[in-house]
Structures are given as C-alpha cells and as structure tokens.
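I have placed the structure first, in the form of structure tokens, so that the comments after it can refer back to it.
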Amino acid sequence: MAGEDQLIHTNPTNMPPHPYRNNPWALYRALDEYSQTRHLMNFKETKLRVAKQHLESMQPKPKTVIEFGTYVGCSAIAWAAILRDLHGPSADNDIHIYTFEVSESIAQVARDFIELVGLQEVVHVLVGPASESLRGLVEQGKIAPSGVDMAFFDHWEKFYLSDLQLCEELALFHVGSKVIADNTDIPGAPDYLEYVRAGGKGGEGEVRYTTRSFETEHVVQGRPNIVEVTDVVAVRS
Ligand SMILES: C[S@@+](CC[C@H](N)C(=O)[O-])C[C@H]1O[C@@H](n2cnc3c(N)ncnc32)[C@H](O)[C@@H]1O
C-alpha cells in the first residue's frame, strides 16, 4: 500500500476516538448543557436527578421503560444509562427502553445519537403517534401484560391522560410501577394531574395511584419546575 491508498487507510484509523462513542452519560450531559443556551427540548439534568433516585429505589430493579416523546433521544439515552448502571452492561439484552416519536426526521437524529453511544440494542425508537406504537408493541408481544416498570410522559400534554388510560386498558402496569411526567405545571397537564391526584378512575378493581409533585432546581417563569412521580398501588383485578 502506498501514496493515496496509505493515506486513506491510516487517516480514519488514526483519528482520535469520538468523545461520545459508547459514552451515554457524556452525550446526555453535552446535550443538557447545550439546552441551557440553545433551543433543545430535554428532561433537564436537575429533573433527571429526581427521577433517577426513584428508579434506583425500585425493587426489583426496573428493566422496561416506555417513553412518550423522544425528540432527539436525550432522556431515552439517560433512562438506558440508568438501567445499565443498575444492572451492569452484561444485562443489555434484558433491559428495554421503548420511546415514541411522531416525527420521522427527529427520530432519525435520536437513532444516530443512540447508535453513537452504543445503545442501539437497548433503546428502540418507534415512529408514529405514541398510542399506535404502544398498541403495536403489545400486539407483537414485545411488551407483556404487567411488563412496564416505568412510563415517562414528555410528549404533548394534551395526550398525557388518554395515553395513561391506554396503559391501563392494555394492563401494562404492576404494583410498584412508576409513572413520571414532565411539564405537568408548565405548559401544564391539569386533567392528568387531577386524575392521578384523585388516585385514578376510581371504582372497584381499577388501577390506583398515589402521586407527589417534586419541586426541582430547574426554574421556569420564576418558579421551581415540577416533576410528577406517581406510584401504581393497585392494578385492575
Ligand atoms: C419535549 S419533546 C421530548 C423530549 C425528550 N423526552 C427528552 O427529554 O429528551 C416532545 C416530543 O414528543 C413528540 N410528540 C408529541 N406528541 C406525540 C405523540 N402523540 N406521539 C409521539 N410523539 C409525540 C414531539 O414531536 C417531540 O419531539
């Protein structure tokens, strides 16, 4: 090999490794930092900390997360990193993040980031309205009844309540599952909050919840932003 051929061969292999390759937390932090000065919708680090504590306290350890609203994959990458930290990298084929994004072009950015950090076996991006994607996963047997350990709501707030009720209809929760929701205060999801604060639909044999609003260090419109953490305390009988 000589001349041009040699250059082509050695150049890429001599390049320094990409700083985010196989490093989910480094990419999450870089995106979070970027979001502090530029437009990027993401579940901020100060809020993620609250959610992370809840996930770490779960017994048994959570393995399956569904996420409503992927955008560029920042929070999906964080959920996968948290689960991998909890179970160790050898458990990659046993942990799953299913994340739903309506925009194909945005989903492609997320897939590229997910691949860059080496999480393509763990994070599954599904394109289309979240409710349709979720039904599809259940029909295909990819998510079993009682198979969701945590559901994260971070798409458009008008869908929070109906999509939570779809999870109930599909019997996805078990006692101890968590439902975490962003932006319930601003822009606001009042019907969702009213529902979880009432403990659910009510009535014999229905899914029941307890819920708490956690103030975070992330300030929006002069107030600490809320993360709503809801526990499933009873499932449909
Ligand atoms: C706030 S961003 C998600 C941010 C992401 N969870 C993160 O923290 O990195 C909301 C995303 O939800 C998507 N979305 C809104 N409604 C949706 C729906 N019904 N089904 C699927 N995706 C939806 C939007 O296109 C947008 O990309």
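Note on naming: chains are A, B, ... as they come in the structure tokens, residues start from 1 per chain, ligands start from 1 in the order shown.
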Subject >> Contacts to ligand 1 at 7 Å cut-off (only C-alpha atoms and all ligand atoms) as a PyMOL selection string >> reply: chain A and resi 41-43+68-76+100-103+106+128-131+154-156+159
Which range 179-207 of chain A residues have any atom within 12 Å of an atom of range 214-221 of chain A, and for each, what is the nearest pair of atoms with distance in Å to one decimal, counting only C-alpha atoms, rows sorted by chain and number, as CSV?
residue,atom,partner,partner_atom,distance
A:Ile180,CA,A:Phe214,CA,10.6
A:Ala181,CA,A:Phe214,CA,10.6
A:Asp182,CA,A:Phe214,CA,10.5
A:Asn183,CA,A:Val220,CA,10.2
A:Thr184,CA,A:Phe214,CA,11.0
A:Asp185,CA,A:Val220,CA,9.7
A:Ile186,CA,A:Val220,CA,7.8
A:Pro187,CA,A:Val220,CA,10.1
Please, could you write that set of residues out with N, CA and C atoms as an mmCIF file, in the first residue's frame?
data_model
loop_
_atom_site.group_PDB
_atom_site.id
_atom_site.type_symbol
_atom_site.label_atom_id
_atom_site.label_comp_id
_atom_site.auth_asym_id
_atom_site.auth_seq_id
_atom_site.Cartn_x
_atom_site.Cartn_y
_atom_site.Cartn_z
ATOM 1 N N ILE A 180 -43.789 8.745 35.540
ATOM 2 C CA ILE A 180 -43.120 10.030 35.780
ATOM 3 C C ILE A 180 -43.528 10.973 34.656
ATOM 4 N N ALA A 181 -43.893 12.195 35.016
ATOM 5 C CA ALA A 181 -44.371 13.132 33.989
ATOM 6 C C ALA A 181 -43.677 14.476 34.135
ATOM 7 N N ASP A 182 -43.245 15.007 32.984
ATOM 8 C CA ASP A 182 -42.627 16.335 32.947
ATOM 9 C C ASP A 182 -43.686 17.352 32.496
ATOM 10 N N ASN A 183 -43.439 18.599 32.791
ATOM 11 C CA ASN A 183 -44.253 19.718 32.263
ATOM 12 C C ASN A 183 -45.711 19.688 32.711
ATOM 13 N N THR A 184 -46.010 19.025 33.818
ATOM 14 C CA THR A 184 -47.412 18.996 34.258
ATOM 15 C C THR A 184 -47.850 20.358 34.795
ATOM 16 N N ASP A 185 -46.850 21.172 35.228
ATOM 17 C CA ASP A 185 -47.190 22.527 35.706
ATOM 18 C C ASP A 185 -47.115 23.542 34.565
ATOM 19 N N ILE A 186 -46.034 23.483 33.781
ATOM 20 C CA ILE A 186 -45.828 24.414 32.661
ATOM 21 C C ILE A 186 -45.282 23.620 31.492
ATOM 22 N N PRO A 187 -45.884 23.573 30.301
ATOM 23 C CA PRO A 187 -47.137 24.229 29.911
ATOM 24 C C PRO A 187 -48.363 23.772 30.702
#
Subject >> From A:Ile95, A:Met15, A:Val109, A:Leu27, residue lying nearest Met150 in chain A [only C-alpha atoms] >> reply: A:Ile95
Original post:
So how many Å separate CA of Ala171 in chain A and CA of Val65 in chain A, to one decimal?
Top reply: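 Separating CA of Ala171 in chain A from CA of Val65 in chain A is a distance of 14.6 Å.
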**OP:** List every residue of range 1-234 of chain A that DSSP, applied to the backbone, labels as strand (DSSP E or B), and write the result as an MDAnalysis selection string.
**Re:** chainID A and resid 64:68 96:101 123:127 148:153 173:182 208:220 223:234
**OP:** Within 10 Å of Ala151 in chain A, counting only C-alpha atoms, which residues show up once you throw out same-chain ones fewer than 5 positions away? Write them as a ChimeraX atom specification, please.
**Re:** /A:64-68,97-99,164,167,172-173,177-181,230
Only all heavy atoms, please: the residues just picked out, written as a short mmCIF file (atom, residue, chain, number, x, y, z; two decimals), in the first residue's frame.
data_model
loop_
_atom_site.label_atom_id
_atom_site.label_comp_id
_atom_site.auth_asym_id
_atom_site.auth_seq_id
_atom_site.Cartn_x
_atom_site.Cartn_y
_atom_site.Cartn_z
N THR A 64 -37.88 -2.35 32.16
CA THR A 64 -38.59 -1.90 30.95
C THR A 64 -39.21 -0.52 31.18
O THR A 64 -39.98 -0.33 32.12
CB THR A 64 -39.69 -2.91 30.56
OG1 THR A 64 -39.06 -4.17 30.33
CG2 THR A 64 -40.43 -2.47 29.31
N VAL A 65 -38.83 0.39 30.28
CA VAL A 65 -39.35 1.77 30.34
C VAL A 65 -40.05 2.08 29.03
O VAL A 65 -39.55 1.70 27.96
CB VAL A 65 -38.16 2.75 30.57
CG1 VAL A 65 -38.57 4.19 30.32
CG2 VAL A 65 -37.59 2.60 31.97
N ILE A 66 -41.20 2.73 29.11
CA ILE A 66 -41.79 3.28 27.89
C ILE A 66 -41.77 4.81 28.02
O ILE A 66 -42.02 5.34 29.10
CB ILE A 66 -43.23 2.75 27.60
CG1 ILE A 66 -44.19 3.01 28.76
CG2 ILE A 66 -43.19 1.26 27.25
CD1 ILE A 66 -45.64 2.63 28.45
N GLU A 67 -41.46 5.45 26.92
CA GLU A 67 -41.31 6.91 26.95
C GLU A 67 -42.16 7.54 25.85
O GLU A 67 -42.03 7.20 24.68
CB GLU A 67 -39.84 7.28 26.74
CG GLU A 67 -39.63 8.78 26.59
CD GLU A 67 -38.18 9.16 26.38
OE1 GLU A 67 -37.73 9.20 25.21
OE2 GLU A 67 -37.49 9.43 27.36
N PHE A 68 -43.01 8.46 26.26
CA PHE A 68 -43.85 9.19 25.31
C PHE A 68 -43.16 10.51 24.98
O PHE A 68 -43.12 11.43 25.80
CB PHE A 68 -45.23 9.45 25.93
CG PHE A 68 -46.01 8.18 26.22
CD1 PHE A 68 -45.74 7.43 27.36
CD2 PHE A 68 -46.98 7.73 25.34
CE1 PHE A 68 -46.43 6.25 27.61
CE2 PHE A 68 -47.68 6.56 25.59
CZ PHE A 68 -47.40 5.82 26.73
N ILE A 97 -35.78 0.17 26.52
CA ILE A 97 -36.42 1.49 26.52
C ILE A 97 -37.17 1.57 25.19
O ILE A 97 -36.56 1.52 24.12
CB ILE A 97 -35.39 2.64 26.56
CG1 ILE A 97 -34.28 2.41 27.60
CG2 ILE A 97 -36.09 3.99 26.76
CD1 ILE A 97 -34.70 2.32 29.02
N TYR A 98 -38.51 1.67 25.25
CA TYR A 98 -39.31 1.88 24.05
C TYR A 98 -39.72 3.34 24.05
O TYR A 98 -40.38 3.80 24.99
CB TYR A 98 -40.54 0.98 24.05
CG TYR A 98 -40.20 -0.49 23.98
CD1 TYR A 98 -40.25 -1.28 25.13
CD2 TYR A 98 -39.82 -1.09 22.79
CE1 TYR A 98 -39.92 -2.63 25.08
CE2 TYR A 98 -39.49 -2.43 22.74
CZ TYR A 98 -39.55 -3.20 23.88
OH TYR A 98 -39.22 -4.54 23.83
N THR A 99 -39.30 4.07 23.04
CA THR A 99 -39.57 5.51 23.03
C THR A 99 -40.31 5.90 21.76
O THR A 99 -40.00 5.40 20.67
CB THR A 99 -38.27 6.32 23.26
OG1 THR A 99 -38.58 7.72 23.21
CG2 THR A 99 -37.18 6.02 22.24
N LEU A 164 -52.11 7.65 29.38
CA LEU A 164 -52.04 6.93 30.66
C LEU A 164 -53.19 5.92 30.72
O LEU A 164 -53.00 4.76 31.13
CB LEU A 164 -52.14 7.90 31.84
CG LEU A 164 -52.15 7.24 33.21
CD1 LEU A 164 -50.80 6.59 33.53
CD2 LEU A 164 -52.50 8.25 34.31
N CYS A 167 -52.46 2.89 28.78
CA CYS A 167 -51.60 1.94 29.54
C CYS A 167 -52.46 1.09 30.47
O CYS A 167 -52.22 -0.11 30.62
CB CYS A 167 -50.57 2.70 30.37
SG CYS A 167 -49.35 3.60 29.40
N LEU A 172 -50.66 -2.65 31.40
CA LEU A 172 -49.20 -2.66 31.31
C LEU A 172 -48.50 -2.54 32.67
O LEU A 172 -47.34 -2.88 32.79
CB LEU A 172 -48.73 -1.51 30.41
CG LEU A 172 -49.18 -1.62 28.96
CD1 LEU A 172 -48.63 -0.47 28.15
CD2 LEU A 172 -48.75 -2.95 28.36
N PHE A 173 -49.23 -2.06 33.68
CA PHE A 173 -48.56 -1.79 34.95
C PHE A 173 -48.67 -2.97 35.92
O PHE A 173 -49.57 -3.79 35.82
CB PHE A 173 -49.17 -0.56 35.63
CG PHE A 173 -48.99 0.72 34.84
CD1 PHE A 173 -50.04 1.62 34.71
CD2 PHE A 173 -47.78 1.02 34.24
CE1 PHE A 173 -49.88 2.80 33.99
CE2 PHE A 173 -47.61 2.20 33.52
CZ PHE A 173 -48.66 3.09 33.40
N SER A 177 -45.04 -0.20 39.73
CA SER A 177 -44.63 0.56 38.53
C SER A 177 -44.67 2.05 38.87
O SER A 177 -45.47 2.49 39.71
CB SER A 177 -45.61 0.33 37.37
OG SER A 177 -45.61 -0.99 36.94
N LYS A 178 -43.83 2.81 38.16
CA LYS A 178 -43.84 4.26 38.34
C LYS A 178 -44.24 4.95 37.06
O LYS A 178 -43.95 4.45 35.97
CB LYS A 178 -42.46 4.76 38.78
CG LYS A 178 -42.11 4.28 40.16
CD LYS A 178 -41.06 5.13 40.83
CE LYS A 178 -40.67 4.55 42.17
NZ LYS A 178 -41.58 4.92 43.26
N VAL A 179 -44.92 6.08 37.23
CA VAL A 179 -45.26 6.92 36.09
C VAL A 179 -44.67 8.30 36.40
O VAL A 179 -44.99 8.89 37.44
CB VAL A 179 -46.79 7.02 35.91
CG1 VAL A 179 -47.11 7.82 34.67
CG2 VAL A 179 -47.44 5.64 35.85
N ILE A 180 -43.79 8.74 35.54
CA ILE A 180 -43.12 10.03 35.78
C ILE A 180 -43.53 10.97 34.66
O ILE A 180 -43.55 10.57 33.48
CB ILE A 180 -41.59 9.84 35.85
CG1 ILE A 180 -41.25 8.89 37.02
CG2 ILE A 180 -40.87 11.18 36.00
CD1 ILE A 180 -39.76 8.62 37.23
N ALA A 181 -43.89 12.19 35.02
CA ALA A 181 -44.37 13.13 33.99
C ALA A 181 -43.68 14.48 34.14
O ALA A 181 -43.55 15.01 35.24
CB ALA A 181 -45.88 13.30 34.09
N THR A 230 -45.53 9.29 40.16
CA THR A 230 -46.75 8.59 40.53
C THR A 230 -46.46 7.10 40.69
O THR A 230 -45.79 6.51 39.83
CB THR A 230 -47.81 8.81 39.42
OG1 THR A 230 -48.02 10.22 39.28
CG2 THR A 230 -49.12 8.13 39.72
#
Original post:
With distances taken over only C-alpha atoms, which of A:Leu166, A:Val127, A:Ala81, A:Leu55 is nearest to Ile114 in chain A?
Top reply: A:Ala81
Subject >> Top pick for closest residue to Lys61 in chain A, considering A:Asn14, A:Glu45, A:Asp85, A:Gly202 and counting only C-alpha atoms >> reply: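 That would be A:Asp85, the residue with the smallest distance to Lys61 in chain A.
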**OP:** Write out as a PyMOL selection string each polymer residue whose atoms come within 12 Å of Pro62 in chain A, counting only C-alpha atoms; drop sequence neighbours fewer than 5 positions from it.
**Re:** chain A and resi 52+54-57+79-80+82-87+91+94-97+147-151+174+176-178
**OP:** Return as an NGL selection string the full set of residues in range 3-223 of chain A whose backbone-based DSSP assignment is alpha helix (DSSP H).
**Re:** :A and (3-14 or 24-35 or 45-56 or 74-87 or 104-116 or 130-139 or 160-169 or 190-197)
Original post:
Pick from A:Lys47, A:Thr37, A:Glu157, A:Asp191: nearest to Ser213 in chain A, with only C-alpha atoms counted?
Top reply: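 Answer, going by the shortest atom-to-atom distance: A:Lys47.
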